[in-house]
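**Student:** Sharing query27.cif (mmCIF, C-alpha atoms) below.
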```cif
data_data
loop_
_atom_site.group_PDB
_atom_site.id
_atom_site.type_symbol
_atom_site.label_atom_id
_atom_site.label_comp_id
_atom_site.auth_asym_id
_atom_site.auth_seq_id
_atom_site.Cartn_x
_atom_site.Cartn_y
_atom_site.Cartn_z
ATOM 1 C CA LEU A 10 22.011 0.728 1.598
ATOM 2 C CA LYS A 11 23.927 3.999 1.670
ATOM 3 C CA PRO A 12 22.108 7.208 2.665
ATOM 4 C CA THR A 13 22.400 8.239 -1.006
ATOM 5 C CA GLY A 14 21.003 4.925 -2.275
ATOM 6 C CA SER A 15 17.645 3.865 -3.635
ATOM 7 C CA LEU A 16 15.641 0.654 -3.770
ATOM 8 C CA TYR A 17 13.381 -0.282 -6.681
ATOM 9 C CA LEU A 18 11.257 -3.346 -6.035
ATOM 10 C CA HIS A 19 9.528 -4.851 -9.071
ATOM 11 C CA CYS A 20 6.345 -6.859 -8.576
ATOM 12 C CA ASP A 21 2.950 -7.444 -10.128
ATOM 13 C CA PRO A 22 -0.223 -5.649 -8.939
ATOM 14 C CA ALA A 23 -1.386 -8.730 -7.018
ATOM 15 C CA ALA A 24 1.486 -8.323 -4.530
ATOM 16 C CA SER A 25 2.360 -4.619 -4.566
ATOM 17 C CA HIS A 26 0.032 -3.568 -1.725
ATOM 18 C CA TYR A 27 1.398 -6.274 0.587
ATOM 19 C CA LEU A 28 5.004 -5.467 -0.272
ATOM 20 C CA LYS A 29 4.489 -1.751 0.270
ATOM 21 C CA ILE A 30 3.513 -2.431 3.882
ATOM 22 C CA VAL A 31 6.708 -4.477 4.344
ATOM 23 C CA LEU A 32 8.849 -1.736 2.808
ATOM 24 C CA ASP A 33 7.130 0.978 4.864
ATOM 25 C CA THR A 34 8.138 -1.016 7.946
ATOM 26 C CA ILE A 35 11.767 -1.359 6.821
ATOM 27 C CA PHE A 36 12.442 2.076 5.313
ATOM 28 C CA GLY A 37 9.709 4.152 6.932
ATOM 29 C CA ALA A 38 6.673 5.467 5.086
ATOM 30 C CA ARG A 39 8.346 8.890 4.715
ATOM 31 C CA ASN A 40 11.007 7.318 2.487
ATOM 32 C CA PHE A 41 8.457 6.009 0.006
ATOM 33 C CA ARG A 42 8.967 8.057 -3.171
ATOM 34 C CA ASN A 43 6.803 6.554 -5.904
ATOM 35 C CA GLU A 44 4.686 3.694 -7.096
ATOM 36 C CA ILE A 45 5.867 3.496 -10.701
ATOM 37 C CA ILE A 46 3.591 1.849 -13.226
ATOM 38 C CA TRP A 47 5.447 -0.040 -15.939
ATOM 39 C CA HIS A 48 2.912 -0.098 -18.750
ATOM 40 C CA TYR A 49 3.274 -2.414 -21.753
ATOM 41 C CA MET A 50 1.018 -3.743 -24.503
ATOM 42 C CA THR A 51 2.535 -7.198 -25.003
ATOM 43 C CA GLY A 52 0.076 -10.104 -25.014
ATOM 44 C CA GLY A 53 -3.582 -10.468 -25.894
ATOM 45 C CA ALA A 54 -6.929 -9.233 -24.626
ATOM 46 C CA CYS A 55 -9.189 -10.880 -22.052
ATOM 47 C CA LYS A 56 -12.978 -11.336 -21.878
ATOM 48 C CA GLU A 57 -13.157 -12.245 -18.179
ATOM 49 C CA HIS A 58 -11.570 -9.047 -16.797
ATOM 50 C CA TYR A 59 -9.671 -5.949 -17.942
ATOM 51 C CA ALA A 60 -6.499 -6.934 -19.770
ATOM 52 C CA ARG A 61 -3.547 -6.830 -17.371
ATOM 53 C CA LYS A 62 -0.938 -4.626 -18.980
ATOM 54 C CA HIS A 63 1.249 -3.283 -16.200
ATOM 55 C CA ASP A 64 3.657 -4.173 -13.421
ATOM 56 C CA VAL A 65 4.656 -2.071 -10.420
ATOM 57 C CA LEU A 66 7.989 -0.710 -9.214
ATOM 58 C CA LEU A 67 8.032 0.556 -5.625
ATOM 59 C CA PHE A 68 10.671 3.259 -5.237
ATOM 60 C CA TYR A 69 12.120 3.826 -1.748
ATOM 61 C CA THR A 70 15.185 5.573 -0.385
ATOM 62 C CA ARG A 71 17.050 5.309 2.876
ATOM 63 C CA SER A 72 17.145 9.061 3.525
ATOM 64 C CA ASP A 73 16.502 12.457 1.956
ATOM 65 C CA GLN A 74 20.078 12.470 0.602
ATOM 66 C CA TYR A 75 19.280 10.053 -2.221
ATOM 67 C CA ARG A 76 20.559 10.537 -5.753
ATOM 68 C CA PHE A 77 17.879 11.370 -8.321
ATOM 69 C CA TYR A 78 18.446 12.599 -11.865
ATOM 70 C CA PRO A 79 15.118 12.645 -13.751
ATOM 71 C CA GLU A 80 16.608 14.908 -16.429
ATOM 72 C CA ARG A 81 18.644 11.913 -17.635
ATOM 73 C CA ILE A 82 15.511 9.976 -18.553
ATOM 74 C CA LYS A 83 13.379 12.689 -20.095
ATOM 75 C CA GLU A 84 10.441 11.566 -22.222
ATOM 76 C CA PRO A 85 9.274 12.922 -25.588
ATOM 77 C CA ARG A 86 6.406 15.402 -25.416
ATOM 78 C CA SER A 87 3.127 14.547 -27.091
ATOM 79 C CA GLU A 88 2.510 15.806 -30.618
ATOM 80 C CA LYS A 89 -0.229 18.051 -29.241
ATOM 81 C CA ALA A 90 2.107 19.663 -26.677
ATOM 82 C CA VAL A 91 4.819 20.222 -29.292
ATOM 83 C CA ALA A 92 2.326 21.784 -31.718
ATOM 84 C CA ARG A 93 0.974 24.070 -28.995
ATOM 85 C CA ALA A 94 4.492 25.232 -28.117
ATOM 86 C CA GLN A 95 5.052 26.502 -31.644
ATOM 87 C CA HIS A 96 2.583 29.333 -30.926
ATOM 88 C CA GLN A 97 4.289 31.640 -28.443
ATOM 89 C CA LYS A 98 1.081 33.173 -27.166
ATOM 90 C CA GLY A 99 -0.065 31.115 -24.200
ATOM 91 C CA ALA A 100 2.660 28.473 -24.574
ATOM 92 C CA ARG A 101 4.083 27.201 -21.289
ATOM 93 C CA ILE A 102 7.150 25.546 -22.817
ATOM 94 C CA ALA A 103 9.831 26.678 -25.248
ATOM 95 C CA LYS A 104 9.156 25.655 -28.820
ATOM 96 C CA GLU A 105 12.515 23.861 -29.033
ATOM 97 C CA ASP A 106 11.841 21.843 -25.853
ATOM 98 C CA MET A 107 10.803 18.463 -27.248
ATOM 99 C CA THR A 108 11.137 16.479 -24.006
ATOM 100 C CA LYS A 109 9.717 16.557 -20.488
ATOM 101 C CA LEU A 110 10.619 15.156 -17.076
ATOM 102 C CA PRO A 111 9.277 11.628 -16.527
ATOM 103 C CA THR A 112 6.033 10.779 -14.778
ATOM 104 C CA ASP A 113 5.328 7.701 -12.654
ATOM 105 C CA VAL A 114 3.918 5.823 -15.670
ATOM 106 C CA TRP A 115 6.633 4.331 -17.874
ATOM 107 C CA GLN A 116 5.707 3.100 -21.336
ATOM 108 C CA ILE A 117 8.335 0.437 -22.070
ATOM 109 C CA PRO A 118 7.514 -2.590 -24.227
ATOM 110 C CA ALA A 119 7.830 -5.964 -22.533
ATOM 111 C CA LEU A 120 10.005 -8.490 -24.348
ATOM 112 C CA ASN A 121 8.100 -10.275 -27.075
ATOM 113 C CA PRO A 122 9.067 -13.815 -28.107
ATOM 114 C CA MET A 123 11.050 -12.512 -31.096
ATOM 115 C CA ALA A 124 12.938 -9.711 -29.299
ATOM 116 C CA ALA A 125 16.621 -9.637 -30.216
ATOM 117 C CA GLU A 126 17.682 -9.315 -26.574
ATOM 118 C CA ARG A 127 15.612 -12.290 -25.401
ATOM 119 C CA LEU A 128 17.844 -15.030 -23.953
ATOM 120 C CA GLY A 129 15.224 -17.555 -22.921
ATOM 121 C CA TYR A 130 15.151 -16.795 -19.195
ATOM 122 C CA PRO A 131 11.457 -16.969 -18.185
ATOM 123 C CA THR A 132 11.216 -13.675 -16.240
ATOM 124 C CA GLN A 133 13.701 -11.618 -18.268
ATOM 125 C CA LYS A 134 13.033 -7.857 -18.182
ATOM 126 C CA PRO A 135 13.781 -5.400 -20.999
ATOM 127 C CA LEU A 136 17.153 -3.711 -20.833
ATOM 128 C CA ALA A 137 15.470 -0.310 -21.291
ATOM 129 C CA LEU A 138 13.635 -0.702 -17.969
ATOM 130 C CA LEU A 139 16.764 -1.345 -15.911
ATOM 131 C CA GLU A 140 18.819 1.271 -17.738
ATOM 132 C CA ARG A 141 16.149 3.825 -16.841
ATOM 133 C CA VAL A 142 16.315 2.933 -13.144
ATOM 134 C CA ILE A 143 20.125 2.971 -13.032
ATOM 135 C CA LEU A 144 20.469 6.251 -14.932
ATOM 136 C CA ALA A 145 17.931 8.033 -12.725
ATOM 137 C CA SER A 146 19.371 6.921 -9.385
ATOM 138 C CA SER A 147 23.136 6.497 -9.654
ATOM 139 C CA ASN A 148 26.356 7.809 -11.134
ATOM 140 C CA ALA A 149 29.142 6.079 -13.033
ATOM 141 C CA GLY A 150 31.354 4.062 -10.684
ATOM 142 C CA GLU A 151 28.637 3.505 -8.082
ATOM 143 C CA VAL A 152 27.246 0.077 -7.244
ATOM 144 C CA ALA A 153 24.055 -1.545 -8.522
ATOM 145 C CA LEU A 154 22.947 -4.589 -6.512
ATOM 146 C CA ASP A 155 20.342 -7.065 -7.770
ATOM 147 C CA PRO A 156 19.709 -9.804 -5.174
ATOM 148 C CA PHE A 157 17.375 -11.646 -7.600
ATOM 149 C CA CYS A 158 19.388 -11.174 -10.778
ATOM 150 C CA GLY A 159 17.596 -13.813 -12.867
ATOM 151 C CA GLY A 160 18.707 -13.483 -16.484
ATOM 152 C CA GLY A 161 21.243 -10.770 -15.655
ATOM 153 C CA THR A 162 19.496 -7.739 -17.139
ATOM 154 C CA THR A 163 20.424 -5.445 -14.233
ATOM 155 C CA ILE A 164 24.021 -6.620 -14.481
ATOM 156 C CA ALA A 165 24.146 -5.967 -18.234
ATOM 157 C CA ALA A 166 22.568 -2.521 -17.811
ATOM 158 C CA ALA A 167 24.980 -1.597 -15.015
ATOM 159 C CA GLN A 168 28.016 -2.698 -17.034
ATOM 160 C CA ARG A 169 26.854 -0.725 -20.093
ATOM 161 C CA LEU A 170 26.379 2.373 -17.937
ATOM 162 C CA GLN A 171 29.780 2.053 -16.228
ATOM 163 C CA ARG A 172 28.466 1.102 -12.811
ATOM 164 C CA ARG A 173 29.984 -1.510 -10.574
ATOM 165 C CA TRP A 174 27.573 -4.337 -9.866
ATOM 166 C CA ILE A 175 26.705 -7.280 -7.642
ATOM 167 C CA GLY A 176 24.332 -9.998 -8.846
ATOM 168 C CA ILE A 177 22.864 -12.629 -6.525
ATOM 169 C CA ASP A 178 20.414 -15.460 -7.135
ATOM 170 C CA SER A 179 19.605 -18.721 -5.382
ATOM 171 C CA ALA A 180 18.785 -20.494 -8.666
ATOM 172 C CA ALA A 181 21.642 -22.242 -10.464
ATOM 173 C CA MET A 182 19.968 -21.521 -13.810
ATOM 174 C CA ALA A 183 19.984 -17.781 -13.078
ATOM 175 C CA ILE A 184 23.688 -17.784 -12.211
ATOM 176 C CA HIS A 185 24.429 -19.705 -15.396
ATOM 177 C CA PHE A 186 22.393 -17.313 -17.556
ATOM 178 C CA THR A 187 24.017 -14.258 -15.981
ATOM 179 C CA GLN A 188 27.553 -15.610 -16.352
ATOM 180 C CA CYS A 189 26.971 -16.543 -19.986
ATOM 181 C CA ARG A 190 25.398 -13.179 -20.724
ATOM 182 C CA VAL A 191 28.218 -11.169 -19.171
ATOM 183 C CA ARG A 192 30.893 -13.210 -20.945
ATOM 184 C CA SER A 193 29.086 -12.982 -24.276
ATOM 185 C CA GLU A 194 28.371 -9.239 -24.125
ATOM 186 C CA PHE A 195 31.451 -7.920 -22.326
ATOM 187 C CA GLY A 196 34.187 -10.547 -22.593
ATOM 188 C CA GLU A 197 35.658 -13.207 -20.365
ATOM 189 C CA GLU A 198 37.903 -10.776 -18.455
ATOM 190 C CA ILE A 199 34.897 -9.040 -16.866
ATOM 191 C CA MET A 200 34.202 -12.094 -14.720
ATOM 192 C CA ALA A 201 36.735 -11.441 -11.974
ATOM 193 C CA ARG A 202 35.679 -14.392 -9.892
ATOM 194 C CA PRO A 203 33.679 -16.995 -11.827
ATOM 195 C CA VAL A 204 31.438 -19.240 -9.756
ATOM 196 C CA SER A 205 30.036 -22.462 -11.165
ATOM 197 C CA PRO A 206 26.232 -22.920 -10.986
ATOM 198 C CA ALA A 207 26.728 -26.018 -8.833
ATOM 199 C CA ALA A 208 28.522 -23.973 -6.186
ATOM 200 C CA VAL A 209 25.457 -21.862 -5.466
ATOM 201 C CA SER A 210 22.651 -24.378 -5.930
#
```
What do you get writing this file as structure tokens?

**Tutor:**
Amino acid sequence: LKPTGSLYLHCDPAASHYLKIVLDTIFGARNFRNEIIWHYMTGGACKEHYARKHDVLLFYTRSDQYRFYPERIKEPRSEKAVARAQHQKGARIAKEDMTKLPTDVWQIPALNPMAAERLGYPTQKPLALLERVILASSNAGEVALDPFCGGGTTIAAAQRLQRRWIGIDSAAMAIHFTQCRVRSEFGEEIMARPVSPAAVS
């Protein structure tokens, strides 16, 4: 990882506290930047415990030189905040400012069974989630690496945002899904060095 680079590790709340200790050991606790809550409302309710409606992204950097552009992923202000801004007296924001810098809680819908972007890969993430990460922490032409690329969402997001990319997975099914996705969305020529699923199984 370059001094300007960032690591985002996605996990569920059952593992995040264990993984944070591992990452503190590798990167140093001082390079921990955020525990980001990815909040979604997909799925049903539960009567045995509180409904589980979030995952965790642990955000680390290698140094203090990391790239970070929160202004690229601004969020809409609440209706209440916008209404308050229309009255100049006591307003803390300009009335034309309809967005704000992001917090560490991201409201992004998980993929429902009927989502147009769903490919059938069991752990596929929404494109909006990975685009948000890539926009906030890199520039066009830089490299996005996903060592567990699964259904290829990081790869697709990186290609759309004009980043170079590296996708790795130990599962033949994941390699197959990613290759098919890249060819389908961006054309055969984008696959500079095709690798058959059998070659990596």

**Student:** Evaluating the PyMOL selection byres ((chain A and resi 52) around 12) on the displayed file yields which residues, as number ranges by chain?

**Tutor:** A: 49-51, 53-55, 60-63, 118-122

**Student:** Interatomic distance between atom CA of Ser15 of chain A and atom CA of Arg81 of chain A?

**Tutor:**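 Rounded to one decimal, the two atoms are 16.2 Å apart.
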
**Student:** Quick one: pull the distance between atom CA of Gly150 of chain A and atom CA of Gln171 of chain A, Å, one decimal.

**Tutor:**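 One can read the atom CA of Gly150 of chain A to atom CA of Gln171 of chain A distance as 6.1 Å.
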
**Student:** Please compute the atom CA of Tyr75 of chain A-atom CA of Leu138 of chain A distance, one decimal, in Å.

**Tutor:**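 Atom CA of Leu138 of chain A lies 19.9 Å from atom CA of Tyr75 of chain A.
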
**Student:** Tell me which residues the PyMOL selection byres ((chain A and resi 176) around 10) grabs here, as an MDAnalysis selection string.

**Tutor:** chainID A and resid 153:159 161:164 174:175 177:178 183:184 187:188

**Student:** Quick one: write out the picked residues with C-alpha atoms as a PDB file, keeping the file's coordinate frame?

**Tutor:**
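The result, stored in part31.pdb:
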```
ATOM      1  CA  ALA A 153      24.055  -1.545  -8.522  1.00  0.00           C
ATOM      2  CA  LEU A 154      22.947  -4.589  -6.512  1.00  0.00           C
ATOM      3  CA  ASP A 155      20.342  -7.065  -7.770  1.00  0.00           C
ATOM      4  CA  PRO A 156      19.709  -9.804  -5.174  1.00  0.00           C
ATOM      5  CA  PHE A 157      17.375 -11.646  -7.600  1.00  0.00           C
ATOM      6  CA  CYS A 158      19.388 -11.174 -10.778  1.00  0.00           C
ATOM      7  CA  GLY A 159      17.596 -13.813 -12.867  1.00  0.00           C
ATOM      8  CA  GLY A 161      21.243 -10.770 -15.655  1.00  0.00           C
ATOM      9  CA  THR A 162      19.496  -7.739 -17.139  1.00  0.00           C
ATOM     10  CA  THR A 163      20.424  -5.445 -14.233  1.00  0.00           C
ATOM     11  CA  ILE A 164      24.021  -6.620 -14.481  1.00  0.00           C
ATOM     12  CA  TRP A 174      27.573  -4.337  -9.866  1.00  0.00           C
ATOM     13  CA  ILE A 175      26.705  -7.280  -7.642  1.00  0.00           C
ATOM     14  CA  ILE A 177      22.864 -12.629  -6.525  1.00  0.00           C
ATOM     15  CA  ASP A 178      20.414 -15.460  -7.135  1.00  0.00           C
ATOM     16  CA  ALA A 183      19.984 -17.781 -13.078  1.00  0.00           C
ATOM     17  CA  ILE A 184      23.688 -17.784 -12.211  1.00  0.00           C
ATOM     18  CA  THR A 187      24.017 -14.258 -15.981  1.00  0.00           C
ATOM     19  CA  GLN A 188      27.553 -15.610 -16.352  1.00  0.00           C
TER      20      GLN A 188
END
```

**Student:** Quick one: everything within 8 Å of Ser72 of chain A, counting only C-alpha atoms, minus sequence neighbours fewer than 3 positions away in the same chain. Send it as a ChimeraX atom specification.

**Tutor:** /A:12-13,40,75
